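File shown: data_17.cif. Contents: mmCIF, C-alpha atoms.
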```
data_upload
loop_
_atom_site.label_atom_id
_atom_site.label_comp_id
_atom_site.auth_asym_id
_atom_site.auth_seq_id
_atom_site.Cartn_x
_atom_site.Cartn_y
_atom_site.Cartn_z
CA MET T 1 0.00 0.00 0.00
CA ASP T 2 1.20 3.51 -0.87
CA ARG T 3 2.35 5.18 2.38
CA VAL T 4 2.27 8.62 0.77
CA ARG T 5 -1.43 8.31 -0.10
CA GLU T 6 -2.15 6.98 3.38
CA ILE T 7 -0.70 10.14 4.95
CA ALA T 8 -2.90 12.24 2.63
CA LEU T 9 -5.92 10.18 3.65
CA LYS T 10 -5.29 10.76 7.36
CA VAL T 11 -5.06 14.51 6.79
CA LEU T 12 -8.31 14.53 4.80
CA TYR T 13 -10.05 12.52 7.52
CA ASP T 14 -8.82 14.94 10.20
CA VAL T 15 -10.09 17.94 8.22
CA ASP T 16 -13.42 16.30 7.35
CA LYS T 17 -14.26 14.58 10.63
CA ASN T 18 -12.52 16.74 13.24
CA GLY T 19 -12.78 20.16 11.58
CA ALA T 20 -8.99 20.56 11.50
CA TYR T 21 -7.45 23.25 9.31
CA SER T 22 -5.81 21.66 6.28
CA ASN T 23 -2.45 23.42 6.56
CA ILE T 24 -2.09 22.63 10.27
CA ALA T 25 -3.23 19.01 9.84
CA LEU T 26 -0.84 18.52 6.92
CA ASP T 27 2.14 19.98 8.79
CA GLU T 28 1.40 17.79 11.81
CA ALA T 29 1.03 14.62 9.71
CA LEU T 30 4.39 15.25 8.03
CA ARG T 31 6.02 16.02 11.38
CA GLN T 32 4.72 12.76 12.84
CA ALA T 33 5.94 10.81 9.81
CA ARG T 34 9.44 12.26 10.18
CA LYS T 35 9.33 11.57 13.91
CA ARG T 36 8.71 7.91 13.05
CA GLN T 37 11.79 8.23 10.82
CA GLU T 38 9.81 7.53 7.68
CA LYS T 39 11.61 8.61 4.55
CA ILE T 40 9.59 11.47 3.08
CA GLU T 41 11.15 12.89 -0.08
CA PRO T 42 10.42 16.46 -1.25
CA ARG T 43 8.45 15.02 -4.19
CA ASP T 44 6.38 12.99 -1.68
CA VAL T 45 5.54 16.16 0.25
CA GLY T 46 4.48 17.78 -3.01
CA PHE T 47 2.25 14.84 -3.94
CA ILE T 48 0.65 14.66 -0.49
CA SER T 49 -0.02 18.41 -0.57
CA GLU T 50 -1.49 18.15 -4.05
CA ILE T 51 -3.90 15.40 -3.01
CA VAL T 52 -4.92 17.14 0.23
CA TYR T 53 -5.48 20.64 -1.14
CA GLY T 54 -6.87 19.43 -4.46
CA THR T 55 -9.36 17.03 -2.87
CA ILE T 56 -10.57 19.68 -0.42
CA SER T 57 -10.83 22.34 -3.14
CA TRP T 58 -12.85 20.10 -5.45
CA LYS T 59 -14.94 18.35 -2.78
CA LEU T 60 -18.36 19.51 -4.03
CA THR T 61 -17.66 18.47 -7.63
CA ILE T 62 -16.18 15.15 -6.52
CA ASP T 63 -19.13 14.39 -4.26
CA GLU T 64 -21.56 15.03 -7.12
CA ILE T 65 -19.76 12.37 -9.16
CA ILE T 66 -19.65 9.92 -6.26
CA LYS T 67 -23.42 10.38 -5.85
CA LYS T 68 -23.88 9.47 -9.51
CA TYR T 69 -22.40 6.01 -9.04
CA SER T 70 -23.05 5.20 -5.37
CA ASN T 71 -26.13 3.32 -4.19
CA ILE T 72 -25.39 4.60 -0.67
CA ARG T 73 -26.07 8.20 0.32
CA ILE T 74 -22.93 10.29 0.92
CA LYS T 75 -23.83 10.87 4.58
CA LYS T 76 -24.14 7.13 5.15
CA ILE T 77 -20.69 6.28 3.77
CA SER T 78 -17.95 5.72 6.35
CA PRO T 79 -15.77 8.89 6.61
CA TRP T 80 -12.65 6.82 5.89
CA ILE T 81 -14.15 5.25 2.78
CA LEU T 82 -15.68 8.54 1.61
CA ASN T 83 -12.31 10.29 1.79
CA ILE T 84 -10.61 7.40 0.01
CA LEU T 85 -13.18 7.83 -2.76
CA ARG T 86 -12.71 11.59 -2.83
CA MET T 87 -8.92 11.54 -3.09
CA SER T 88 -9.05 8.79 -5.72
CA VAL T 89 -11.65 10.60 -7.82
CA TYR T 90 -9.55 13.76 -7.59
CA GLN T 91 -6.55 11.91 -9.02
CA ILE T 92 -8.63 10.44 -11.85
CA LEU T 93 -10.20 13.78 -12.80
CA PHE T 94 -7.40 16.27 -12.29
CA LEU T 95 -3.98 14.59 -12.07
CA ASP T 96 -3.01 13.64 -15.61
CA LYS T 97 0.33 12.20 -14.47
CA VAL T 98 -1.40 9.60 -12.31
CA PRO T 99 -2.69 6.61 -14.34
CA LYS T 100 -6.31 5.78 -13.57
CA SER T 101 -5.30 2.20 -12.75
CA ALA T 102 -2.92 3.47 -10.03
CA ALA T 103 -5.58 5.73 -8.50
CA VAL T 104 -8.11 2.86 -8.49
CA ASN T 105 -5.75 0.19 -7.16
CA GLU T 106 -4.33 2.35 -4.38
CA GLY T 107 -7.83 3.46 -3.41
CA VAL T 108 -8.94 -0.16 -3.15
CA ASN T 109 -5.85 -1.05 -1.09
CA LEU T 110 -6.60 1.78 1.35
CA ALA T 111 -10.24 0.63 1.57
CA LYS T 112 -9.09 -2.87 2.55
CA ARG T 113 -7.17 -1.38 5.47
CA TYR T 114 -9.68 1.24 6.60
CA GLY T 115 -12.89 -0.65 5.84
CA HIS T 116 -13.78 -4.27 5.11
CA LYS T 117 -14.07 -6.49 2.05
CA ALA T 118 -17.41 -5.02 1.07
CA SER T 119 -15.87 -1.53 1.35
CA SER T 120 -13.05 -2.35 -1.05
CA ASN T 121 -15.52 -3.82 -3.54
CA PHE T 122 -17.69 -0.71 -3.18
CA VAL T 123 -14.70 1.60 -3.80
CA ASN T 124 -13.52 -0.49 -6.75
CA ALA T 125 -16.97 -0.48 -8.40
CA ILE T 126 -17.33 3.31 -8.18
CA LEU T 127 -13.79 4.27 -9.19
CA ARG T 128 -13.79 2.08 -12.29
CA LYS T 129 -16.86 3.96 -13.59
CA VAL T 130 -15.49 7.46 -12.97
CA SER T 131 -14.00 9.36 -15.91
CA LYS T 132 -13.14 12.91 -16.95
CA GLU T 133 -16.37 12.93 -18.97
CA ASP T 134 -18.31 13.04 -15.71
CA TYR T 135 -16.75 16.42 -14.94
CA LYS T 136 -17.16 17.77 -18.48
CA ALA T 137 -20.89 17.02 -18.31
CA PHE T 138 -21.36 19.70 -15.62
CA PHE T 139 -20.47 22.41 -18.16
CA GLU T 140 -23.70 21.57 -20.04
CA ILE T 141 -25.88 22.64 -17.08
CA GLN T 142 -28.05 25.59 -18.16
CA ASP T 143 -28.68 27.22 -14.78
CA ASN T 144 -25.78 29.62 -14.22
CA ALA T 145 -25.47 29.24 -10.44
CA GLU T 146 -25.68 25.43 -10.54
CA ARG T 147 -23.22 25.17 -13.43
CA ILE T 148 -20.63 27.39 -11.73
CA SER T 149 -21.11 25.63 -8.40
CA LYS T 150 -20.49 22.18 -9.88
CA THR T 151 -17.76 23.07 -12.39
CA ALA T 152 -15.79 25.18 -9.89
CA SER T 153 -16.67 23.30 -6.70
CA MET T 154 -18.10 26.36 -4.98
CA PRO T 155 -20.94 26.45 -2.42
CA MET T 156 -24.20 27.49 -4.08
CA TRP T 157 -24.87 30.29 -1.56
CA LEU T 158 -21.51 31.86 -2.36
CA VAL T 159 -22.02 31.64 -6.12
CA GLU T 160 -25.42 33.30 -5.72
CA GLU T 161 -23.90 36.12 -3.63
CA LEU T 162 -21.20 36.72 -6.22
CA LEU T 163 -23.77 36.72 -9.05
CA LYS T 164 -25.63 39.57 -7.32
CA GLU T 165 -22.50 41.71 -7.72
CA ASN T 166 -20.81 40.50 -10.92
CA THR T 167 -21.43 39.19 -14.41
CA VAL T 168 -21.70 35.43 -14.98
CA GLU T 169 -18.35 35.43 -16.80
CA LYS T 170 -16.67 37.28 -13.92
CA VAL T 171 -18.06 34.87 -11.33
CA GLU T 172 -16.92 31.87 -13.38
CA GLN T 173 -13.43 33.34 -13.52
CA ILE T 174 -13.34 34.14 -9.79
CA CYS T 175 -14.51 30.65 -8.83
CA GLN T 176 -12.16 28.79 -11.16
CA ASN T 177 -9.21 30.95 -10.03
CA SER T 178 -10.04 30.03 -6.44
CA ASN T 179 -8.94 26.45 -7.22
CA ILE T 180 -5.50 27.30 -8.63
CA ARG T 181 -2.65 26.14 -6.43
CA PRO T 182 -0.80 29.35 -5.50
CA LYS T 183 2.85 30.00 -6.15
CA VAL T 184 5.03 30.62 -3.11
CA CYS T 185 5.55 34.38 -2.76
CA ILE T 186 8.11 35.92 -0.42
CA ARG T 187 8.90 39.42 0.78
CA VAL T 188 12.55 40.38 0.96
CA ASN T 189 13.54 41.87 4.33
CA MET T 190 15.47 44.97 3.30
CA LEU T 191 16.61 45.44 6.91
CA LYS T 192 18.84 42.36 6.53
CA THR T 193 19.59 41.89 2.82
CA ASP T 194 18.81 43.14 -0.68
CA LEU T 195 17.14 41.65 -3.74
CA PRO T 196 20.24 40.65 -5.81
CA THR T 197 21.92 39.04 -2.82
CA LEU T 198 18.88 36.98 -1.84
CA ILE T 199 18.23 35.88 -5.45
CA LYS T 200 21.83 34.67 -5.65
CA GLU T 201 21.57 32.78 -2.35
CA LEU T 202 18.29 31.12 -3.35
CA GLY T 203 19.77 30.14 -6.71
CA LYS T 204 22.54 28.23 -4.93
CA GLN T 205 19.77 26.12 -3.35
CA GLY T 206 18.28 25.34 -6.77
CA ILE T 207 15.35 27.72 -6.20
CA GLN T 208 14.33 29.73 -9.25
CA VAL T 209 12.69 33.10 -8.76
CA GLU T 210 10.36 35.35 -10.68
CA LYS T 211 10.22 39.01 -9.72
CA GLY T 212 6.90 40.45 -8.59
CA GLU T 213 5.57 43.88 -9.47
CA SER T 214 7.24 45.25 -6.35
CA GLU T 215 11.00 45.00 -5.95
CA LYS T 216 10.49 43.51 -2.51
CA PHE T 217 8.50 40.45 -3.67
CA LEU T 218 9.61 37.25 -5.39
CA PHE T 219 7.72 34.18 -6.61
CA LEU T 220 9.60 30.93 -6.02
CA GLU T 221 9.81 27.78 -8.13
CA GLY T 222 11.12 24.50 -6.74
CA ALA T 223 11.04 25.59 -3.10
CA LYS T 224 10.26 22.94 -0.48
CA ASN T 225 10.12 23.34 3.30
CA ILE T 226 10.46 27.13 3.14
CA GLU T 227 10.73 27.57 6.91
CA GLY T 228 13.63 25.11 6.97
CA LEU T 229 15.75 27.30 4.68
CA LYS T 230 18.71 29.02 6.34
CA PHE T 231 17.76 32.39 4.81
CA PHE T 232 14.25 32.17 6.26
CA GLN T 233 15.57 31.34 9.73
CA GLU T 234 18.01 34.23 9.47
CA GLY T 235 15.08 36.56 8.76
CA LYS T 236 16.15 37.58 5.28
CA PHE T 237 12.65 37.01 3.92
CA THR T 238 9.15 36.08 4.98
CA VAL T 239 6.28 34.40 3.13
CA GLN T 240 3.60 36.90 2.06
CA ASP T 241 1.28 37.33 -0.92
CA GLU T 242 2.27 40.34 -3.00
CA VAL T 243 -1.21 41.87 -2.91
CA ALA T 244 -1.23 41.54 0.89
CA GLY T 245 1.94 43.63 0.74
CA TRP T 246 0.08 46.38 -1.08
CA ILE T 247 -1.89 47.07 2.10
CA PRO T 248 1.04 48.44 4.17
CA GLU T 249 2.40 50.16 1.05
CA ILE T 250 -0.90 52.00 0.54
CA LEU T 251 -0.98 53.05 4.21
CA ASN T 252 2.61 54.26 3.64
CA PRO T 253 3.88 54.48 7.24
CA GLN T 254 6.92 56.72 7.72
CA PRO T 255 9.84 56.52 10.19
CA ASN T 256 9.03 57.88 13.66
CA GLU T 257 5.25 57.82 13.17
CA LYS T 258 2.87 56.20 15.64
CA ILE T 259 1.04 53.32 13.97
CA LEU T 260 -1.73 50.98 15.12
CA ASP T 261 -2.25 47.53 13.63
CA ALA T 262 -5.46 46.60 15.41
CA CYS T 263 -5.83 43.03 14.04
CA SER T 264 -2.18 42.16 13.62
CA SER T 265 -1.71 38.38 13.79
CA PRO T 266 0.18 36.57 12.31
CA GLY T 267 2.26 39.70 11.70
CA GLY T 268 3.02 39.78 7.97
CA LYS T 269 1.63 43.27 7.44
CA THR T 270 2.83 44.47 10.86
CA THR T 271 6.44 43.54 10.16
CA TYR T 272 6.28 44.96 6.64
CA MET T 273 5.19 48.32 8.08
CA ALA T 274 8.16 48.17 10.45
CA GLU T 275 10.49 47.48 7.53
CA LEU T 276 9.02 50.41 5.57
CA MET T 277 9.62 52.57 8.66
CA LYS T 278 13.25 51.34 8.83
CA ASN T 279 12.50 49.99 12.31
CA GLN T 280 12.10 53.56 13.63
CA GLY T 281 8.97 54.78 15.39
CA GLU T 282 6.18 52.97 17.20
CA ILE T 283 3.83 50.22 16.07
CA ARG T 284 1.18 48.95 18.48
CA ALA T 285 0.14 45.44 17.40
CA TRP T 286 -3.11 44.18 18.91
CA ASP T 287 -4.88 40.87 18.74
CA LEU T 288 -7.51 39.05 20.76
CA HIS T 289 -5.58 35.99 21.91
CA GLU T 290 -2.20 35.42 23.51
CA HIS T 291 -1.12 32.69 21.08
CA ARG T 292 -1.86 34.98 18.13
CA VAL T 293 0.08 37.87 19.66
CA LYS T 294 3.03 35.51 20.12
CA LEU T 295 3.00 34.82 16.38
CA VAL T 296 3.58 38.54 15.77
CA GLU T 297 6.40 38.61 18.34
CA LYS T 298 8.02 35.54 16.79
CA ALA T 299 7.88 37.06 13.29
CA ALA T 300 9.34 40.37 14.53
CA ASN T 301 12.18 38.66 16.38
CA ARG T 302 13.14 36.54 13.36
CA LEU T 303 13.14 39.58 11.07
CA GLY T 304 15.23 41.65 13.47
CA ILE T 305 12.48 44.17 14.27
CA SER T 306 12.41 45.86 17.69
CA MET T 307 9.83 48.66 17.34
CA ILE T 308 6.63 46.56 17.56
CA LYS T 309 4.79 46.60 20.89
CA THR T 310 2.27 43.77 21.13
CA GLU T 311 -0.85 43.78 23.29
CA ILE T 312 -3.71 41.35 23.83
CA LYS T 313 -6.63 43.64 23.08
CA ASP T 314 -10.12 43.60 21.59
CA ALA T 315 -10.29 46.25 18.84
CA MET T 316 -14.07 46.49 19.35
CA ILE T 317 -13.68 47.88 22.88
CA TYR T 318 -12.98 51.62 23.03
CA GLU T 319 -10.16 53.02 25.17
CA GLU T 320 -10.16 56.75 25.77
CA LYS T 321 -6.37 56.92 26.23
CA TYR T 322 -5.86 56.17 22.53
CA ALA T 323 -8.21 58.92 21.29
CA GLU T 324 -6.51 60.68 18.34
CA TYR T 325 -3.18 59.10 19.35
CA PHE T 326 -2.05 57.44 16.10
CA ASP T 327 -0.76 59.00 12.88
CA LYS T 328 -1.95 56.01 10.86
CA ILE T 329 -4.02 52.91 11.50
CA LEU T 330 -4.26 49.58 9.73
CA LEU T 331 -7.49 47.62 10.14
CA ASP T 332 -7.02 44.28 8.39
CA VAL T 333 -10.29 43.12 9.88
CA PRO T 334 -11.62 39.56 10.37
CA CYS T 335 -13.51 38.48 7.25
CA LEU T 336 -14.97 35.47 5.45
CA GLY T 337 -11.70 34.96 3.58
CA ILE T 338 -13.31 34.42 0.18
CA GLY T 339 -10.25 35.92 -1.51
CA VAL T 340 -7.81 33.32 -0.16
CA LEU T 341 -9.67 30.08 -0.93
CA LYS T 342 -6.84 28.72 -3.07
CA ARG T 343 -4.57 28.87 -0.01
CA LYS T 344 -7.21 27.80 2.49
CA PRO T 345 -9.77 25.73 0.57
CA ASP T 346 -11.43 24.38 3.71
CA ILE T 347 -12.78 27.91 4.37
CA LYS T 348 -15.50 27.53 1.75
CA TRP T 349 -16.91 24.43 3.45
CA LYS T 350 -16.86 26.05 6.91
CA ARG T 351 -18.59 29.31 5.95
CA LYS T 352 -22.36 29.78 5.68
CA LYS T 353 -24.51 32.56 4.26
CA GLU T 354 -25.56 33.53 7.79
CA ASP T 355 -21.92 34.31 8.60
CA ILE T 356 -22.07 37.46 6.44
CA GLU T 357 -24.32 39.28 8.90
CA GLU T 358 -22.24 38.21 11.89
CA ILE T 359 -18.86 39.14 10.40
CA THR T 360 -20.00 42.51 9.05
CA LYS T 361 -21.17 43.52 12.53
CA ILE T 362 -17.64 42.90 13.79
CA GLN T 363 -16.09 44.76 10.87
CA LYS T 364 -18.33 47.81 11.36
CA LYS T 365 -17.64 47.88 15.09
CA ILE T 366 -13.86 47.72 14.67
CA LEU T 367 -13.89 50.46 12.02
CA GLU T 368 -16.20 52.74 13.99
CA ASN T 369 -14.23 52.24 17.19
CA CYS T 370 -10.66 52.49 15.89
CA SER T 371 -11.44 55.48 13.66
CA LYS T 372 -11.56 57.50 16.87
CA TYR T 373 -7.89 56.69 17.48
CA VAL T 374 -6.69 58.50 14.32
CA LYS T 375 -5.21 61.96 14.71
CA LYS T 376 -6.81 64.82 12.78
CA GLY T 377 -5.12 64.76 9.41
CA GLY T 378 -4.17 61.12 9.97
CA GLU T 379 -4.98 58.17 7.74
CA LEU T 380 -6.63 54.77 8.09
CA VAL T 381 -6.60 51.70 5.86
CA TYR T 382 -9.46 49.19 6.08
CA SER T 383 -8.75 45.90 4.35
CA THR T 384 -10.07 42.36 4.00
CA CYS T 385 -9.00 39.22 2.14
CA SER T 386 -12.59 38.95 0.93
CA ILE T 387 -14.38 39.99 -2.27
CA LEU T 388 -18.00 40.44 -1.16
CA LYS T 389 -19.28 44.01 -1.33
CA LYS T 390 -21.16 43.55 1.94
CA GLU T 391 -17.80 43.20 3.71
CA ASN T 392 -16.09 45.92 1.72
CA GLU T 393 -17.61 48.83 -0.22
CA ASP T 394 -20.93 48.70 1.64
CA ILE T 395 -19.18 49.10 4.99
CA ILE T 396 -16.91 51.91 3.78
CA TYR T 397 -19.69 53.96 2.13
CA LYS T 398 -21.92 53.65 5.19
CA PHE T 399 -19.03 54.66 7.45
CA ILE T 400 -18.26 57.72 5.32
CA LYS T 401 -21.93 58.70 5.32
CA ASN T 402 -22.03 58.58 9.12
CA ASN T 403 -18.55 60.10 9.65
CA THR T 404 -18.31 63.15 7.44
CA ASN T 405 -14.91 64.09 8.90
CA PHE T 406 -13.44 61.17 6.91
CA GLU T 407 -12.84 61.11 3.16
CA ILE T 408 -11.94 58.23 0.86
CA ILE T 409 -8.51 58.58 -0.73
CA LYS T 410 -8.26 55.22 -2.48
CA LEU T 411 -10.34 52.09 -3.09
CA VAL T 412 -8.77 48.92 -4.48
CA GLN T 413 -10.55 45.62 -5.20
CA VAL T 414 -8.32 42.79 -6.40
CA TYR T 415 -9.77 39.46 -7.53
CA GLN T 416 -7.79 36.25 -7.25
CA ASN T 417 -5.79 35.18 -10.31
CA GLU T 418 -2.92 32.81 -11.11
CA LYS T 419 -0.51 34.72 -8.87
CA ASN T 420 -2.46 36.72 -6.33
CA ASP T 421 -5.18 36.34 -3.74
CA GLY T 422 -8.30 38.50 -3.62
CA PHE T 423 -8.19 41.61 -1.42
CA PHE T 424 -10.08 44.82 -0.74
CA ILE T 425 -8.26 47.96 0.41
CA ALA T 426 -9.78 51.32 1.37
CA LYS T 427 -7.63 54.26 2.44
CA MET T 428 -9.30 57.15 4.26
CA ARG T 429 -8.14 60.44 5.75
CA LYS T 430 -9.51 62.11 8.87
CA ASN T 431 -10.08 65.77 8.20
CA HIS T 432 -9.71 68.50 10.79
CA LEU T 433 -13.31 69.64 10.78
CA LYS T 434 -16.67 67.98 10.34
CA VAL T 435 -18.65 69.34 7.42
#
```
Step by step, read the file and then write its structure as structure tokens.
Amino acid sequence: MDRVREIALKVLYDVDKNGAYSNIALDEALRQARKRQEKIEPRDVGFISEIVYGTISWKLTIDEIIKKYSNIRIKKISPWILNILRMSVYQILFLDKVPKSAAVNEGVNLAKRYGHKASSNFVNAILRKVSKEDYKAFFEIQDNAERISKTASMPMWLVEELLKENTVEKVEQICQNSNIRPKVCIRVNMLKTDLPTLIKELGKQGIQVEKGESEKFLFLEGAKNIEGLKFFQEGKFTVQDEVAGWIPEILNPQPNEKILDACSSPGGKTTYMAELMKNQGEIRAWDLHEHRVKLVEKAANRLGISMIKTEIKDAMIYEEKYAEYFDKILLDVPCLGIGVLKRKPDIKWKRKKEDIEEITKIQKKILENCSKYVKKGGELVYSTCSILKKENEDIIYKFIKNNTNFEIIKLVQVYQNEKNDGFFIAKMRKNHLKV
């Protein structure tokens, strides 16, 4: 039996049955395998990751095909057997380098271990019927929402929300792009190195790079175990999506300013602001939980940054002592995360339509509250890694209507594509007088 596929299966089971986050479950499974001194090659890690993230991303589409050939309802199938079916169907439909016979045989072998004889027969019968034609048939569906949902493996409620705001063609593009496996993007830490030097050092490790739009960002090819690289541990770079880097750049913090990052964890944007400020000035980094604040501290220490002051604090609770204290504020608020589904595909199966109302209440409260901390003449950036107008433009326009001493300077909506995640960024200035 293929040990690599078995590791992938255990991760999928953990995500499906226990609600684990895919990236955390995958890292833990690989750590346990190495602890048992199992030989895991870089190509094995790549294959396991491909199966895990691909199967989770395409779960809705895969389940529709399983339903077509199964005489047992999905909910009645053992979680182990269901996830064996899912990962095997994924390989048949989307991994051209994997022969169908290998996907079927390894699926049956796993079913023998994690089920019983009837289970392996059941798995064998279904997998032998599955073909790429099953997926192509979904493109013939006439109803727009249903077709997009099944061809892009996107929850129907989310497709319907996106269709309220965009053309059919745009929604199809957004949903398909949400399934692309993202390239690794890093931000060069200019406090410790420069672009040519880092490119040269990465090249010695066999890692090819492609420059981003910004001189501080690089896309990597052939990079495995990023956090194990010497240059990462030395703090010469950090992993960050290039569009996420636009957010601190748009806020444009300057040396010796007082800055608030009210929702700072895990610290990518916080540390980038510190780098832009040449590690001079004051950044207050808040987050709700101690373990999340520690992530910011860890990132700052690795990158050689000393100006960040972390605090465990709820950004929705007003504190008079911070009234008009900060020159600039970053509010990268909690959101549904619809713009980062290709990195975190399990998000789309955890979210529900009802979550929109709940999350927007939090977003409005944080914005309303923290806006009082901006100095007159100061600036505030509100951002999300989401693409729904209810979380973005609607909140900003309502805030501006109710707070006439603020004006919009810049609005940016980025939709996910082959390289970047989806983000929304709004920059506002607090004027001296209400009008």
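A straight line drawn from atom CA of Val130 of chain T to atom CA of Lys350 of chain T is 27.3 Å long.
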Neighbour list for Arg73 of chain T as JSON, numbers by chain, cut-off 12 Å, all atoms listed in the file, skip fewer than 4 positions in-chain:
{"T": [63, 64, 66, 67, 68, 69, 77, 78, 82]}
Distance criterion (all atoms listed in the file): nearest to Phe219 of chain T out of T:Lys294, T:Arg34, T:Arg187, T:Arg351
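Checking each candidate against Phe219 of chain T, we get T:Arg187 as the closest.
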Could you give me, as a Markdown table, every segment 109-154 of chain T residue with an atom at most 9 Å from segment 159-173 of chain T, plus its closest atom pair and distance in Å to one decimal, counting only C-alpha atoms, rows ordered by chain then number?
```
| residue | atom | partner | partner_atom | distance |
| --- | --- | --- | --- | --- |
| T:Asn144 | CA | T:Val168 | CA | 7.1 |
| T:Ala145 | CA | T:Val159 | CA | 6.0 |
| T:Glu146 | CA | T:Val159 | CA | 8.5 |
| T:Ile148 | CA | T:Glu172 | CA | 6.0 |
| T:Ser149 | CA | T:Val159 | CA | 6.5 |
| T:Thr151 | CA | T:Glu172 | CA | 8.9 |
| T:Ala152 | CA | T:Glu172 | CA | 7.6 |
| T:Met154 | CA | T:Val159 | CA | 6.7 |
```
Limited to C-alpha atoms, could you put the picked residues into a file as a PDB file, keeping the file's coordinate frame?
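As a result, result.pdb now contains:
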```
ATOM      1  CA  ASN T 144     -25.780  29.620 -14.220  1.00  0.00           C
ATOM      2  CA  ALA T 145     -25.470  29.240 -10.440  1.00  0.00           C
ATOM      3  CA  GLU T 146     -25.680  25.430 -10.540  1.00  0.00           C
ATOM      4  CA  ILE T 148     -20.630  27.390 -11.730  1.00  0.00           C
ATOM      5  CA  SER T 149     -21.110  25.630  -8.400  1.00  0.00           C
ATOM      6  CA  THR T 151     -17.760  23.070 -12.390  1.00  0.00           C
ATOM      7  CA  ALA T 152     -15.790  25.180  -9.890  1.00  0.00           C
ATOM      8  CA  MET T 154     -18.100  26.360  -4.980  1.00  0.00           C
TER       9      MET T 154
END
```
Residues in the PyMOL selection byres ((chain T and resi 216) around 9), expressed as a VMD selection string
chain T and resid 186 to 190 194 to 195 211 to 215 217 to 218 242
Step by step, work through what the PyMOL selection byres ((chain T and resi 292) around 12) selects in the shown file, and finish by giving those residues as JSON, numbers by chain.
{"T": [263, 264, 265, 266, 267, 285, 286, 287, 288, 289, 290, 291, 293, 294, 295, 296, 297, 298, 299, 310, 311, 312, 313]}
Selected residues written out with C-alpha atoms, as a compact mmCIF listing (two decimals), in the frame of the given file:
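The file below, again-v5.txt, is the result:
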```
# COMPACT_ATOMS: atom_id res chain seq x y z
CA CYS T 263 -5.83 43.03 14.04
CA SER T 264 -2.18 42.16 13.62
CA SER T 265 -1.71 38.38 13.79
CA PRO T 266 0.18 36.57 12.31
CA GLY T 267 2.26 39.70 11.70
CA ALA T 285 0.14 45.44 17.40
CA TRP T 286 -3.11 44.18 18.91
CA ASP T 287 -4.88 40.87 18.74
CA LEU T 288 -7.51 39.05 20.76
CA HIS T 289 -5.58 35.99 21.91
CA GLU T 290 -2.20 35.42 23.51
CA HIS T 291 -1.12 32.69 21.08
CA VAL T 293 0.08 37.87 19.66
CA LYS T 294 3.03 35.51 20.12
CA LEU T 295 3.00 34.82 16.38
CA VAL T 296 3.58 38.54 15.77
CA GLU T 297 6.40 38.61 18.34
CA LYS T 298 8.02 35.54 16.79
CA ALA T 299 7.88 37.06 13.29
CA THR T 310 2.27 43.77 21.13
CA GLU T 311 -0.85 43.78 23.29
CA ILE T 312 -3.71 41.35 23.83
CA LYS T 313 -6.63 43.64 23.08
```
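Distances here use only C-alpha atoms; by that measure, the residue among T:Glu210, T:Glu133, T:Glu358, T:Glu201 closest to Ile65 of chain T is T:Glu133.
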